[in-house]
>>> print(open('query14.pdb').read())   # PDB, C-alpha atoms
ATOM      1  CA  MET A   1      20.539  38.530 -47.030
ATOM      2  CA  VAL A   2      19.040  38.632 -50.514
ATOM      3  CA  ARG A   3      19.971  41.453 -52.871
ATOM      4  CA  ARG A   4      18.158  44.765 -52.707
ATOM      5  CA  ASN A   5      16.341  44.474 -56.029
ATOM      6  CA  LYS A   6      14.639  41.279 -54.863
ATOM      7  CA  THR A   7      13.894  41.469 -51.125
ATOM      8  CA  THR A   8      15.420  42.601 -47.847
ATOM      9  CA  VAL A   9      14.056  39.641 -45.883
ATOM     10  CA  ASP A  10      15.951  36.331 -45.704
ATOM     11  CA  GLU A  11      13.665  34.502 -43.267
ATOM     12  CA  PHE A  12      10.198  34.629 -41.761
ATOM     13  CA  ILE A  13       9.103  34.162 -38.151
ATOM     14  CA  LEU A  14       5.960  32.085 -37.651
ATOM     15  CA  LEU A  15       3.931  33.130 -34.594
ATOM     16  CA  GLY A  16       2.218  29.737 -34.481
ATOM     17  CA  ILE A  17      -1.231  29.039 -33.095
ATOM     18  CA  THR A  18      -0.718  30.242 -29.523
ATOM     19  CA  ASP A  19       2.072  31.255 -27.150
ATOM     20  CA  ILE A  20       0.374  29.793 -24.032
ATOM     21  CA  TRP A  21       2.495  26.812 -22.957
ATOM     22  CA  GLU A  22      -0.320  24.732 -21.419
ATOM     23  CA  LEU A  23      -2.407  25.167 -24.551
ATOM     24  CA  GLN A  24       0.567  24.267 -26.744
ATOM     25  CA  VAL A  25       0.943  20.916 -24.928
ATOM     26  CA  PHE A  26      -2.762  20.168 -25.382
ATOM     27  CA  LEU A  27      -2.696  21.156 -29.072
ATOM     28  CA  PHE A  28       0.446  19.092 -29.711
ATOM     29  CA  VAL A  29      -1.244  15.941 -28.351
ATOM     30  CA  LEU A  30      -4.511  16.736 -30.186
ATOM     31  CA  PHE A  31      -2.854  17.414 -33.551
ATOM     32  CA  LEU A  32      -0.599  14.372 -33.193
ATOM     33  CA  LEU A  33      -3.678  12.181 -32.666
ATOM     34  CA  ILE A  34      -5.376  13.814 -35.676
ATOM     35  CA  CYS A  35      -2.308  13.192 -37.847
ATOM     36  CA  VAL A  36      -1.961   9.553 -36.782
ATOM     37  CA  THR A  37      -5.697   8.947 -37.323
ATOM     38  CA  SER A  38      -5.480  10.596 -40.740
ATOM     39  CA  LEU A  39      -2.426   8.589 -41.820
ATOM     40  CA  VAL A  40      -3.933   5.272 -40.669
ATOM     41  CA  GLY A  41      -7.329   6.099 -42.194
ATOM     42  CA  ASN A  42      -6.020   7.188 -45.581
ATOM     43  CA  LEU A  43      -3.489   4.347 -45.893
ATOM     44  CA  GLY A  44      -6.234   1.931 -44.846
ATOM     45  CA  MET A  45      -8.584   3.344 -47.489
ATOM     46  CA  ILE A  46      -5.904   2.999 -50.192
ATOM     47  CA  ALA A  47      -5.168  -0.609 -49.166
ATOM     48  CA  LEU A  48      -8.876  -1.467 -49.028
ATOM     49  CA  ILE A  49      -9.555  -0.129 -52.520
ATOM     50  CA  ARG A  50      -6.494  -1.835 -53.975
ATOM     51  CA  LEU A  51      -7.262  -5.229 -52.387
ATOM     52  CA  ASP A  52     -11.042  -5.435 -52.968
ATOM     53  CA  SER A  53     -11.860  -6.019 -56.643
ATOM     54  CA  GLN A  54     -15.449  -4.838 -56.119
ATOM     55  CA  LEU A  55     -14.084  -1.365 -55.369
ATOM     56  CA  HIS A  56     -12.237  -1.152 -58.698
ATOM     57  CA  THR A  57     -14.662   1.424 -60.117
ATOM     58  CA  PRO A  58     -14.085   5.031 -61.258
ATOM     59  CA  MET A  59     -15.468   6.526 -58.048
ATOM     60  CA  TYR A  60     -13.153   4.474 -55.830
ATOM     61  CA  PHE A  61     -10.242   5.030 -58.225
ATOM     62  CA  PHE A  62     -10.549   8.774 -57.594
ATOM     63  CA  LEU A  63     -11.148   8.181 -53.889
ATOM     64  CA  CYS A  64      -7.897   6.214 -53.744
ATOM     65  CA  HIS A  65      -6.031   9.188 -55.214
ATOM     66  CA  LEU A  66      -7.861  11.552 -52.862
ATOM     67  CA  SER A  67      -6.650   9.458 -49.915
ATOM     68  CA  LEU A  68      -3.121   9.511 -51.340
ATOM     69  CA  VAL A  69      -3.206  13.318 -51.559
ATOM     70  CA  ASP A  70      -4.581  13.584 -48.009
ATOM     71  CA  TYR A  71      -1.817  11.246 -46.788
ATOM     72  CA  LEU A  72       0.898  13.307 -48.512
ATOM     73  CA  SER A  73      -0.659  16.537 -47.237
ATOM     74  CA  ASN A  74      -0.522  15.368 -43.637
ATOM     75  CA  SER A  75       2.836  13.594 -43.768
ATOM     76  CA  SER A  76       4.943  16.128 -45.664
ATOM     77  CA  ALA A  77       3.345  19.535 -46.165
ATOM     78  CA  VAL A  78       2.273  21.188 -42.904
ATOM     79  CA  ALA A  79       1.931  18.776 -39.985
ATOM     80  CA  PRO A  80       5.624  17.837 -39.380
ATOM     81  CA  LYS A  81       6.822  21.452 -39.212
ATOM     82  CA  MET A  82       3.844  22.483 -37.103
ATOM     83  CA  LEU A  83       4.363  19.690 -34.550
ATOM     84  CA  VAL A  84       8.091  20.454 -34.281
ATOM     85  CA  SER A  85       7.367  24.168 -33.838
ATOM     86  CA  PHE A  86       5.550  23.501 -30.552
ATOM     87  CA  SER A  87       8.943  22.738 -28.994
ATOM     88  CA  GLU A  88      10.723  25.703 -30.604
ATOM     89  CA  GLU A  89      10.949  29.076 -28.919
ATOM     90  CA  ARG A  90      11.883  30.892 -32.127
ATOM     91  CA  LYS A  91       9.798  29.567 -35.023
ATOM     92  CA  ALA A  92      11.917  30.749 -37.947
ATOM     93  CA  ILE A  93      11.692  29.493 -41.516
ATOM     94  CA  SER A  94      13.970  30.465 -44.408
ATOM     95  CA  LEU A  95      12.646  31.882 -47.676
ATOM     96  CA  PRO A  96      13.390  28.634 -49.578
ATOM     97  CA  GLY A  97      11.818  26.650 -46.729
ATOM     98  CA  CYS A  98       8.725  28.881 -46.786
ATOM     99  CA  ALA A  99       8.432  28.580 -50.572
ATOM    100  CA  THR A 100       8.833  24.791 -50.388
ATOM    101  CA  GLN A 101       6.177  24.425 -47.693
ATOM    102  CA  MET A 102       3.802  26.702 -49.595
ATOM    103  CA  TYR A 103       4.412  24.742 -52.796
ATOM    104  CA  PHE A 104       3.764  21.246 -51.396
ATOM    105  CA  CYS A 105       0.753  22.381 -49.373
ATOM    106  CA  GLY A 106      -0.679  24.173 -52.404
ATOM    107  CA  VAL A 107      -0.133  21.209 -54.746
ATOM    108  CA  CYS A 108      -2.030  18.944 -52.316
ATOM    109  CA  ILE A 109      -4.917  21.425 -51.968
ATOM    110  CA  ILE A 110      -5.264  22.146 -55.700
ATOM    111  CA  THR A 111      -4.966  18.446 -56.604
ATOM    112  CA  ARG A 112      -7.734  17.760 -54.089
ATOM    113  CA  CYS A 113      -9.877  20.405 -55.831
ATOM    114  CA  TYR A 114      -9.458  18.768 -59.240
ATOM    115  CA  LEU A 115      -9.976  15.243 -57.899
ATOM    116  CA  LEU A 116     -13.224  16.352 -56.254
ATOM    117  CA  ALA A 117     -14.218  17.911 -59.587
ATOM    118  CA  ALA A 118     -13.412  14.611 -61.356
ATOM    119  CA  MET A 119     -15.518  12.745 -58.792
ATOM    120  CA  ALA A 120     -18.366  15.205 -59.374
ATOM    121  CA  TYR A 121     -18.104  14.544 -63.119
ATOM    122  CA  ASP A 122     -18.165  10.794 -62.438
ATOM    123  CA  GLN A 123     -21.352  11.196 -60.372
ATOM    124  CA  TYR A 124     -22.870  13.407 -63.068
ATOM    125  CA  MET A 125     -22.223  10.827 -65.791
ATOM    126  CA  ALA A 126     -23.494   7.951 -63.624
ATOM    127  CA  ILE A 127     -26.786   9.673 -62.789
ATOM    128  CA  CYS A 128     -27.491  11.994 -65.733
ATOM    129  CA  ASN A 129     -26.036   9.905 -68.595
ATOM    130  CA  PRO A 130     -26.043   6.271 -67.410
ATOM    131  CA  LEU A 131     -26.073   4.838 -70.953
ATOM    132  CA  LEU A 132     -22.811   6.630 -71.800
ATOM    133  CA  TYR A 133     -21.215   6.086 -68.397
ATOM    134  CA  VAL A 134     -19.193   2.937 -69.135
ATOM    135  CA  ALA A 135     -17.835   4.304 -72.414
ATOM    136  CA  THR A 136     -17.084   7.771 -71.000
ATOM    137  CA  MET A 137     -15.559   6.774 -67.645
ATOM    138  CA  SER A 138     -13.213   4.132 -69.016
ATOM    139  CA  GLN A 139      -9.999   3.197 -67.211
ATOM    140  CA  LYS A 140      -8.012   5.313 -69.674
ATOM    141  CA  ALA A 141     -10.257   8.340 -69.077
ATOM    142  CA  CYS A 142      -9.972   7.969 -65.295
ATOM    143  CA  VAL A 143      -6.169   7.758 -65.466
ATOM    144  CA  GLN A 144      -6.089  10.845 -67.697
ATOM    145  CA  LEU A 145      -8.299  12.792 -65.275
ATOM    146  CA  ALA A 146      -6.165  11.775 -62.275
ATOM    147  CA  VAL A 147      -2.826  12.499 -63.959
ATOM    148  CA  GLY A 148      -4.243  15.752 -65.306
ATOM    149  CA  SER A 149      -5.200  16.769 -61.768
ATOM    150  CA  TYR A 150      -1.609  16.355 -60.560
ATOM    151  CA  ILE A 151      -0.119  18.139 -63.577
ATOM    152  CA  ILE A 152      -2.521  21.100 -63.458
ATOM    153  CA  ALA A 153      -2.044  21.432 -59.696
ATOM    154  CA  THR A 154       1.742  21.437 -60.104
ATOM    155  CA  VAL A 155       1.637  24.099 -62.829
ATOM    156  CA  ASN A 156      -0.873  26.240 -60.916
ATOM    157  CA  GLU A 157       1.185  26.140 -57.747
ATOM    158  CA  VAL A 158       4.408  27.003 -59.601
ATOM    159  CA  VAL A 159       2.599  30.094 -60.913
ATOM    160  CA  LEU A 160       1.249  30.981 -57.458
ATOM    161  CA  VAL A 161       4.529  30.507 -55.562
ATOM    162  CA  SER A 162       6.524  32.323 -58.241
ATOM    163  CA  SER A 163       4.125  35.262 -58.170
ATOM    164  CA  VAL A 164       4.252  35.479 -54.362
ATOM    165  CA  PHE A 165       8.051  35.334 -54.082
ATOM    166  CA  SER A 166       8.518  37.833 -56.896
ATOM    167  CA  LEU A 167       7.040  40.422 -54.518
ATOM    168  CA  HIS A 168       9.174  42.794 -52.484
ATOM    169  CA  PHE A 169       9.348  41.890 -48.765
ATOM    170  CA  CYS A 170      11.039  44.746 -46.926
ATOM    171  CA  GLY A 171       9.855  43.937 -43.404
ATOM    172  CA  PRO A 172       8.340  43.123 -40.969
ATOM    173  CA  ASN A 173       8.966  39.413 -41.440
ATOM    174  CA  VAL A 174       6.590  38.028 -38.793
ATOM    175  CA  ILE A 175       3.824  35.778 -40.192
ATOM    176  CA  ASN A 176       0.810  35.549 -37.906
ATOM    177  CA  HIS A 177       0.217  31.915 -38.828
ATOM    178  CA  PHE A 178       1.524  28.386 -38.179
ATOM    179  CA  PHE A 179       2.715  27.754 -41.754
ATOM    180  CA  CYS A 180       3.551  29.692 -44.920
ATOM    181  CA  ASP A 181       0.135  30.258 -46.439
ATOM    182  CA  ILE A 182      -0.487  32.773 -49.210
ATOM    183  CA  PRO A 183      -3.002  35.220 -47.607
ATOM    184  CA  PRO A 184      -0.935  36.086 -44.478
ATOM    185  CA  LEU A 185       2.237  36.294 -46.583
ATOM    186  CA  LEU A 186       0.634  38.754 -49.010
ATOM    187  CA  LYS A 187      -0.086  41.029 -46.046
ATOM    188  CA  LEU A 188       3.684  41.386 -45.454
ATOM    189  CA  SER A 189       4.503  42.459 -49.000
ATOM    190  CA  CYS A 190       5.637  46.008 -49.717
ATOM    191  CA  SER A 191       4.491  45.573 -53.339
ATOM    192  CA  SER A 192       0.986  45.629 -54.783
ATOM    193  CA  THR A 193      -0.667  42.218 -54.382
ATOM    194  CA  THR A 194      -3.700  42.869 -56.611
ATOM    195  CA  ALA A 195      -2.448  40.619 -59.432
ATOM    196  CA  ASN A 196      -1.608  37.825 -56.956
ATOM    197  CA  GLU A 197      -5.083  38.002 -55.432
ATOM    198  CA  HIS A 198      -6.674  37.800 -58.896
ATOM    199  CA  VAL A 199      -4.608  34.713 -59.796
ATOM    200  CA  LEU A 200      -5.478  33.076 -56.453
ATOM    201  CA  PHE A 201      -9.179  33.873 -56.891
ATOM    202  CA  THR A 202      -9.221  32.446 -60.440
ATOM    203  CA  ILE A 203      -7.529  29.173 -59.483
ATOM    204  CA  ALA A 204      -9.677  28.679 -56.368
ATOM    205  CA  HIS A 205     -12.873  29.565 -58.231
ATOM    206  CA  SER A 206     -12.454  27.449 -61.378
ATOM    207  CA  THR A 207     -13.072  23.967 -59.930
ATOM    208  CA  LEU A 208     -15.833  25.227 -57.623
ATOM    209  CA  VAL A 209     -17.891  26.353 -60.623
ATOM    210  CA  PHE A 210     -17.498  22.940 -62.261
ATOM    211  CA  VAL A 211     -18.552  21.077 -59.093
ATOM    212  CA  VAL A 212     -21.588  23.337 -58.552
ATOM    213  CA  VAL A 213     -22.718  22.927 -62.188
ATOM    214  CA  SER A 214     -22.282  19.128 -62.028
ATOM    215  CA  TYR A 215     -24.375  18.801 -58.887
ATOM    216  CA  GLY A 216     -26.897  21.275 -60.242
ATOM    217  CA  TYR A 217     -27.551  18.841 -63.101
ATOM    218  CA  ILE A 218     -27.640  15.912 -60.673
ATOM    219  CA  LEU A 219     -30.177  17.579 -58.373
ATOM    220  CA  THR A 220     -32.454  18.373 -61.319
ATOM    221  CA  THR A 221     -32.124  14.843 -62.753
ATOM    222  CA  VAL A 222     -32.774  12.775 -59.609
ATOM    223  CA  PRO A 223     -36.383  14.014 -59.069
ATOM    224  CA  ARG A 224     -37.187  12.790 -62.594
ATOM    225  CA  THR A 225     -36.070   9.255 -61.672
ATOM    226  CA  HIS A 226     -39.061   6.973 -62.230
ATOM    227  CA  SER A 227     -38.649   4.842 -59.108
ATOM    228  CA  SER A 228     -38.278   6.148 -55.561
ATOM    229  CA  GLU A 229     -35.691   3.413 -54.983
ATOM    230  CA  GLY A 230     -33.609   4.725 -57.877
ATOM    231  CA  GLY A 231     -33.792   8.265 -56.557
ATOM    232  CA  HIS A 232     -32.829   7.164 -53.058
ATOM    233  CA  LYS A 233     -29.886   5.152 -54.402
ATOM    234  CA  ALA A 234     -28.696   8.136 -56.447
ATOM    235  CA  PHE A 235     -28.805  10.474 -53.462
ATOM    236  CA  SER A 236     -27.158   7.846 -51.266
ATOM    237  CA  THR A 237     -24.324   7.501 -53.798
ATOM    238  CA  CYS A 238     -23.724  11.267 -53.799
ATOM    239  CA  ALA A 239     -24.163  11.840 -50.054
ATOM    240  CA  SER A 240     -20.574  11.092 -49.029
ATOM    241  CA  HIS A 241     -19.101  13.129 -51.855
ATOM    242  CA  LEU A 242     -21.421  16.084 -51.204
ATOM    243  CA  THR A 243     -20.465  16.051 -47.520
ATOM    244  CA  SER A 244     -16.750  16.070 -48.339
ATOM    245  CA  VAL A 245     -17.173  18.756 -51.016
ATOM    246  CA  SER A 246     -19.268  20.983 -48.721
ATOM    247  CA  ILE A 247     -16.723  20.906 -45.876
ATOM    248  CA  PHE A 248     -13.715  21.411 -48.153
ATOM    249  CA  TYR A 249     -15.102  24.152 -50.373
ATOM    250  CA  GLY A 250     -16.712  25.864 -47.384
ATOM    251  CA  THR A 251     -13.260  26.431 -45.899
ATOM    252  CA  MET A 252     -11.791  27.329 -49.321
ATOM    253  CA  ILE A 253     -14.446  29.997 -49.901
ATOM    254  CA  PHE A 254     -13.724  31.500 -46.496
ATOM    255  CA  MET A 255      -9.959  31.456 -47.009
ATOM    256  CA  TYR A 256      -9.448  32.359 -50.640
ATOM    257  CA  LEU A 257     -12.673  33.795 -52.065
ATOM    258  CA  CYS A 258     -13.777  36.154 -49.270
ATOM    259  CA  PRO A 259     -12.179  39.627 -48.990
ATOM    260  CA  SER A 260      -9.262  39.568 -46.539
ATOM    261  CA  SER A 261     -10.799  42.489 -44.636
ATOM    262  CA  SER A 262     -13.852  40.387 -43.728
ATOM    263  CA  TYR A 263     -12.044  38.038 -41.328
ATOM    264  CA  SER A 264      -9.266  38.115 -38.748
ATOM    265  CA  LEU A 265      -5.981  36.207 -38.905
ATOM    266  CA  ASP A 266      -7.067  34.185 -35.849
ATOM    267  CA  GLN A 267     -10.085  32.987 -37.838
ATOM    268  CA  ASP A 268      -7.675  32.300 -40.683
ATOM    269  CA  LYS A 269      -5.683  29.950 -38.423
ATOM    270  CA  VAL A 270      -8.770  28.015 -37.337
ATOM    271  CA  VAL A 271      -9.961  27.541 -40.921
ATOM    272  CA  SER A 272      -6.440  26.529 -41.995
ATOM    273  CA  ILE A 273      -6.398  23.826 -39.307
ATOM    274  CA  VAL A 274      -9.664  22.496 -40.732
ATOM    275  CA  TYR A 275      -8.495  22.151 -44.341
ATOM    276  CA  THR A 276      -4.889  21.095 -43.644
ATOM    277  CA  LEU A 277      -5.454  18.641 -40.753
ATOM    278  CA  VAL A 278      -9.120  17.927 -40.037
ATOM    279  CA  ILE A 279     -10.441  17.341 -43.574
ATOM    280  CA  PRO A 280      -7.748  14.738 -44.450
ATOM    281  CA  MET A 281      -8.747  12.904 -41.267
ATOM    282  CA  LEU A 282     -12.501  13.161 -41.952
ATOM    283  CA  ASN A 283     -12.513  11.997 -45.590
ATOM    284  CA  PRO A 284     -11.882   8.285 -44.839
ATOM    285  CA  LEU A 285     -14.532   8.410 -42.098
ATOM    286  CA  ILE A 286     -17.080  10.149 -44.358
ATOM    287  CA  TYR A 287     -16.615   7.723 -47.244
ATOM    288  CA  SER A 288     -16.594   4.628 -45.022
ATOM    289  CA  LEU A 289     -19.404   5.413 -42.576
ATOM    290  CA  ARG A 290     -21.882   6.442 -45.307
ATOM    291  CA  ASN A 291     -20.967   3.789 -47.863
ATOM    292  CA  MET A 292     -22.014   0.173 -47.460
ATOM    293  CA  GLU A 293     -19.527  -1.098 -50.075
ATOM    294  CA  VAL A 294     -16.600   0.342 -48.110
ATOM    295  CA  LYS A 295     -18.053  -0.801 -44.768
ATOM    296  CA  ASP A 296     -18.464  -4.371 -46.046
ATOM    297  CA  ALA A 297     -15.025  -4.540 -47.717
ATOM    298  CA  PRO A 298     -12.986  -5.215 -44.499
ATOM    299  CA  LYS A 299     -15.343  -8.066 -43.550
ATOM    300  CA  LYS A 300     -14.962  -9.671 -46.981
ATOM    301  CA  LEU A 301     -11.186  -9.341 -46.914
ATOM    302  CA  LEU A 302     -11.069 -10.838 -43.406
ATOM    303  CA  GLU A 303     -13.239 -13.751 -44.515
ATOM    304  CA  LYS A 304     -10.887 -14.406 -47.455
ATOM    305  CA  VAL A 305      -7.887 -14.402 -45.129
ATOM    306  CA  LEU A 306      -9.587 -16.791 -42.687
ATOM    307  CA  VAL A 307     -10.643 -19.130 -45.505
ATOM    308  CA  SER A 308      -7.093 -19.210 -46.887
ATOM    309  CA  PHE A 309      -5.847 -20.466 -43.513
TER     310      PHE A 309
END
>>> encode(input="query14.pdb", output="structure tokens")
Amino acid sequence: MVRRNKTTVDEFILLGITDIWELQVFLFVLFLLICVTSLVGNLGMIALIRLDSQLHTPMYFFLCHLSLVDYLSNSSAVAPKMLVSFSEERKAISLPGCATQMYFCGVCIITRCYLLAAMAYDQYMAICNPLLYVATMSQKACVQLAVGSYIIATVNEVVLVSSVFSLHFCGPNVINHFFCDIPPLLKLSCSSTTANEHVLFTIAHSTLVFVVVSYGYILTTVPRTHSSEGGHKAFSTCASHLTSVSIFYGTMIFMYLCPSSSYSLDQDKVVSIVYTLVIPMLNPLIYSLRNMEVKDAPKKLLEKVLVSF
């Protein structure tokens, strides 16, 4: 038990997704398949980009890091604990365990936000300022943007987790969720959470504004493209990224930018499943199915292997 001036709660109880046994079995198999598909897809995307020299461009450099973040998100943050919890009758998690899970999940989500923003900037430079693209998006600049994404995400999440666990939790200690996420945890606090909500809103909102502004410029630039082929190529280049951004930020807006009174915790669980499990699985599919360079890469690598033998 932690001392009185900090908190009177030393563990939390996670209610999970459902308490119906038959549904738990079905969800365990479904989520296990999603996790395996996500791990194979993201590791495959990383290997493909690393092995194919034609994919050594800024866009695929950021995509490689996005796949790495999605892989880490699925393999370490939420999925393992969630899958194990299906076999546990009492789904308890200690305060340090809750803080650790919240931290790693948050770092993956915020890093994904900044990587998507970096990819939006890359698309903006390629379409709106093509003459400055090579000089601006140099290898050094790309590395700085990627490393900066990880550093900023780490700092942001330290601030978020510290602010959450500086609150007073006096009971109840039951979290109506399947992992330690910030919104349901704030509902259990006996302290005022206004400052925490403002910090969460600011962090979640900052990268969204940058992405929207970048694509606003892109959408106004493409119609001025002299050739219809050039305009089609520009839209085709952005299509995969726009799809990924729309799905991800759609769930983020619902979770972190909408008032908590406007949705139920059951809706919260569904949306959380989407951005913690489904999106990491979909990203490799989105970027491979809508991108001819990625679709052709496995064939080229296979041909090289066959020729070498």
>>> closest_atom_pairs(input="query14.pdb", of="region 272-305 of chain A", to="region 166-178 of chain A", cutoff="12 Å", atoms="all atoms listed in the file", output="tab-separated table")
residue	atom	partner	partner_atom	distance
A:Ser272	CA	A:Phe178	CA	9.0
A:Ile273	CA	A:Phe178	CA	9.2
A:Thr276	CA	A:Phe178	CA	11.1
>>> resolve_selection(input="query14.pdb", expression="the PyMOL selection byres ((chain A and resi 81) around 12)", output="number ranges by chain")
A: 14, 16, 28, 31-32, 74-80, 82-88, 91-93, 97-98, 100-101, 105, 178-180
>>> atom_distance(input="query14.pdb", atom1="CA of Asn42 (chain A)", atom2="CA of Pro58 (chain A)")
17.8 Å
>>> resolve_selection(input="query14.pdb", expression="the PyMOL selection byres ((chain A and resi 62) around 9)", output="MDAnalysis selection string")
chainID A and resid 57:61 63:67 115:116 118:119 142 145:146
>>> write_last_selection(input="query14.pdb", atoms="C-alpha atoms", output="compact mmCIF listing (two decimals), in the coordinates of the input")
# COMPACT_ATOMS: atom_id res chain seq x y z
CA THR A 57 -14.66 1.42 -60.12
CA PRO A 58 -14.08 5.03 -61.26
CA MET A 59 -15.47 6.53 -58.05
CA TYR A 60 -13.15 4.47 -55.83
CA PHE A 61 -10.24 5.03 -58.22
CA LEU A 63 -11.15 8.18 -53.89
CA CYS A 64 -7.90 6.21 -53.74
CA HIS A 65 -6.03 9.19 -55.21
CA LEU A 66 -7.86 11.55 -52.86
CA SER A 67 -6.65 9.46 -49.92
CA LEU A 115 -9.98 15.24 -57.90
CA LEU A 116 -13.22 16.35 -56.25
CA ALA A 118 -13.41 14.61 -61.36
CA MET A 119 -15.52 12.74 -58.79
CA CYS A 142 -9.97 7.97 -65.30
CA LEU A 145 -8.30 12.79 -65.28
CA ALA A 146 -6.16 11.78 -62.28
>>> residues_near_point(input="query14.pdb", point="(-16.3, -8.4, -51.2)", cutoff="10 Å", atoms="all atoms listed in the file", output="MDAnalysis selection string")
chainID A and resid 51:55 293:294 296:304
>>> atom_distance(input="query14.pdb", atom1="CA of Ser244 (chain A)", atom2="CA of Ile286 (chain A)")
7.1 Å
>>> resolve_selection(input="query14.pdb", expression="the PyMOL selection byres ((chain A and resi 182) around 9)", output="PDB file with C-alpha atoms, in the frame of the given file")
ATOM      1  CA  MET A 102       3.802  26.702 -49.595  1.00  0.00           C
ATOM      2  CA  LEU A 160       1.249  30.981 -57.458  1.00  0.00           C
ATOM      3  CA  VAL A 161       4.529  30.507 -55.562  1.00  0.00           C
ATOM      4  CA  VAL A 164       4.252  35.479 -54.362  1.00  0.00           C
ATOM      5  CA  CYS A 180       3.551  29.692 -44.920  1.00  0.00           C
ATOM      6  CA  ASP A 181       0.135  30.258 -46.439  1.00  0.00           C
ATOM      7  CA  PRO A 183      -3.002  35.220 -47.607  1.00  0.00           C
ATOM      8  CA  PRO A 184      -0.935  36.086 -44.478  1.00  0.00           C
ATOM      9  CA  LEU A 185       2.237  36.294 -46.583  1.00  0.00           C
ATOM     10  CA  LEU A 186       0.634  38.754 -49.010  1.00  0.00           C
ATOM     11  CA  LYS A 187      -0.086  41.029 -46.046  1.00  0.00           C
ATOM     12  CA  LEU A 200      -5.478  33.076 -56.453  1.00  0.00           C
TER      13      LEU A 200
END
>>> atom_distance(input="query14.pdb", atom1="CA of Gln144 (chain A)", atom2="CA of Met292 (chain A)")
27.9 Å
>>> residues_around(input="query14.pdb", residues="Val134 (chain A)", least_positions_apart="5", cutoff="12 Å", atoms="all atoms listed in the file", output="short mmCIF file (atom, residue, chain, number, x, y, z; two decimals) with C-alpha atoms, in the coordinates of the input")
data_model
loop_
_atom_site.label_atom_id
_atom_site.label_comp_id
_atom_site.auth_asym_id
_atom_site.auth_seq_id
_atom_site.Cartn_x
_atom_site.Cartn_y
_atom_site.Cartn_z
CA THR A 57 -14.66 1.42 -60.12
CA PRO A 58 -14.08 5.03 -61.26
CA ASP A 122 -18.16 10.79 -62.44
CA MET A 125 -22.22 10.83 -65.79
CA ALA A 126 -23.49 7.95 -63.62
CA ILE A 127 -26.79 9.67 -62.79
CA ASN A 129 -26.04 9.90 -68.60
CA GLN A 139 -10.00 3.20 -67.21
CA LYS A 140 -8.01 5.31 -69.67
CA ALA A 141 -10.26 8.34 -69.08
CA CYS A 142 -9.97 7.97 -65.30
#
>>> closest_residue(input="query14.pdb", among="A:Tyr114, A:Ile34, A:Val278, A:Thr18", to="Phe210 (chain A)", atoms="all atoms listed in the file")
A:Tyr114
>>> closest_residue(input="query14.pdb", among="A:Tyr121, A:Tyr215, A:Phe104, A:Phe165", to="Leu72 (chain A)", atoms="all atoms listed in the file")
A:Phe104
>>> closest_residue(input="query14.pdb", among="A:Val212, A:Met45, A:Leu15, A:Leu219", to="Leu285 (chain A)", atoms="only C-alpha atoms")
A:Met45
>>> closest_residue(input="query14.pdb", among="A:Cys190, A:Ile46, A:Val270, A:Ala239", to="Leu289 (chain A)", atoms="all atoms listed in the file")
A:Ala239
>>> residues_around(input="query14.pdb", residues="region 207-209 of chain A", least_positions_apart="5", cutoff="12 Å", atoms="all atoms listed in the file", output="MDAnalysis selection string")
chainID A and resid 109:121 149 152:153 201:202 214:216 245:246 248:250 252:253 256:257
>>> residues_around(input="query14.pdb", residues="Gly41 (chain A)", least_positions_apart="2", cutoff="8 Å", atoms="only C-alpha atoms", output="PyMOL selection string")
chain A and resi 37-39+43-45+281+284-285
>>> closest_residue(input="query14.pdb", among="A:Cys128, A:Cys35, A:Leu242, A:Met255", to="Thr220 (chain A)", atoms="all atoms listed in the file")
A:Cys128
>>> axis_aligned_box(input="query14.pdb", around="region 41-48 of chain A", padding_each_side="3 Å", output="AutoDock Vina command-line options")
--center_x -6.2 --center_y 2.9 --center_z -46.2 --size_x 11.4 --size_y 14.7 --size_z 14.0
>>> closest_residue(input="query14.pdb", among="A:Asn156, A:Thr136, A:Gln123, A:Glu89", to="Gln24 (chain A)", atoms="only C-alpha atoms")
A:Glu89
>>> build_atoms(input="query14.pdb", residues="region 179-184 of chain A", atoms="N, CA, C and O atoms", output="PDB file, keeping the file's coordinate frame")
ATOM      1  N   PHE A 179       1.956  28.202 -40.591  1.00  0.00           N
ATOM      2  CA  PHE A 179       2.715  27.754 -41.754  1.00  0.00           C
ATOM      3  C   PHE A 179       2.666  28.839 -42.821  1.00  0.00           C
ATOM      4  O   PHE A 179       1.938  29.832 -42.690  1.00  0.00           O
ATOM      5  N   CYS A 180       3.457  28.678 -43.866  1.00  0.00           N
ATOM      6  CA  CYS A 180       3.551  29.692 -44.920  1.00  0.00           C
ATOM      7  C   CYS A 180       2.376  29.566 -45.881  1.00  0.00           C
ATOM      8  O   CYS A 180       2.461  28.849 -46.892  1.00  0.00           O
ATOM      9  N   ASP A 181       1.299  30.229 -45.564  1.00  0.00           N
ATOM     10  CA  ASP A 181       0.135  30.258 -46.439  1.00  0.00           C
ATOM     11  C   ASP A 181       0.132  31.573 -47.214  1.00  0.00           C
ATOM     12  O   ASP A 181       0.736  32.565 -46.782  1.00  0.00           O
ATOM     13  N   ILE A 182      -0.557  31.611 -48.331  1.00  0.00           N
ATOM     14  CA  ILE A 182      -0.487  32.773 -49.210  1.00  0.00           C
ATOM     15  C   ILE A 182      -1.128  34.032 -48.617  1.00  0.00           C
ATOM     16  O   ILE A 182      -0.494  35.098 -48.604  1.00  0.00           O
ATOM     17  N   PRO A 183      -2.377  33.983 -48.093  1.00  0.00           N
ATOM     18  CA  PRO A 183      -3.002  35.220 -47.607  1.00  0.00           C
ATOM     19  C   PRO A 183      -2.195  35.974 -46.547  1.00  0.00           C
ATOM     20  O   PRO A 183      -1.988  37.195 -46.696  1.00  0.00           O
ATOM     21  N   PRO A 184      -1.712  35.323 -45.461  1.00  0.00           N
ATOM     22  CA  PRO A 184      -0.935  36.086 -44.478  1.00  0.00           C
ATOM     23  C   PRO A 184       0.392  36.586 -45.029  1.00  0.00           C
ATOM     24  O   PRO A 184       0.904  37.622 -44.600  1.00  0.00           O
TER      25      PRO A 184
END
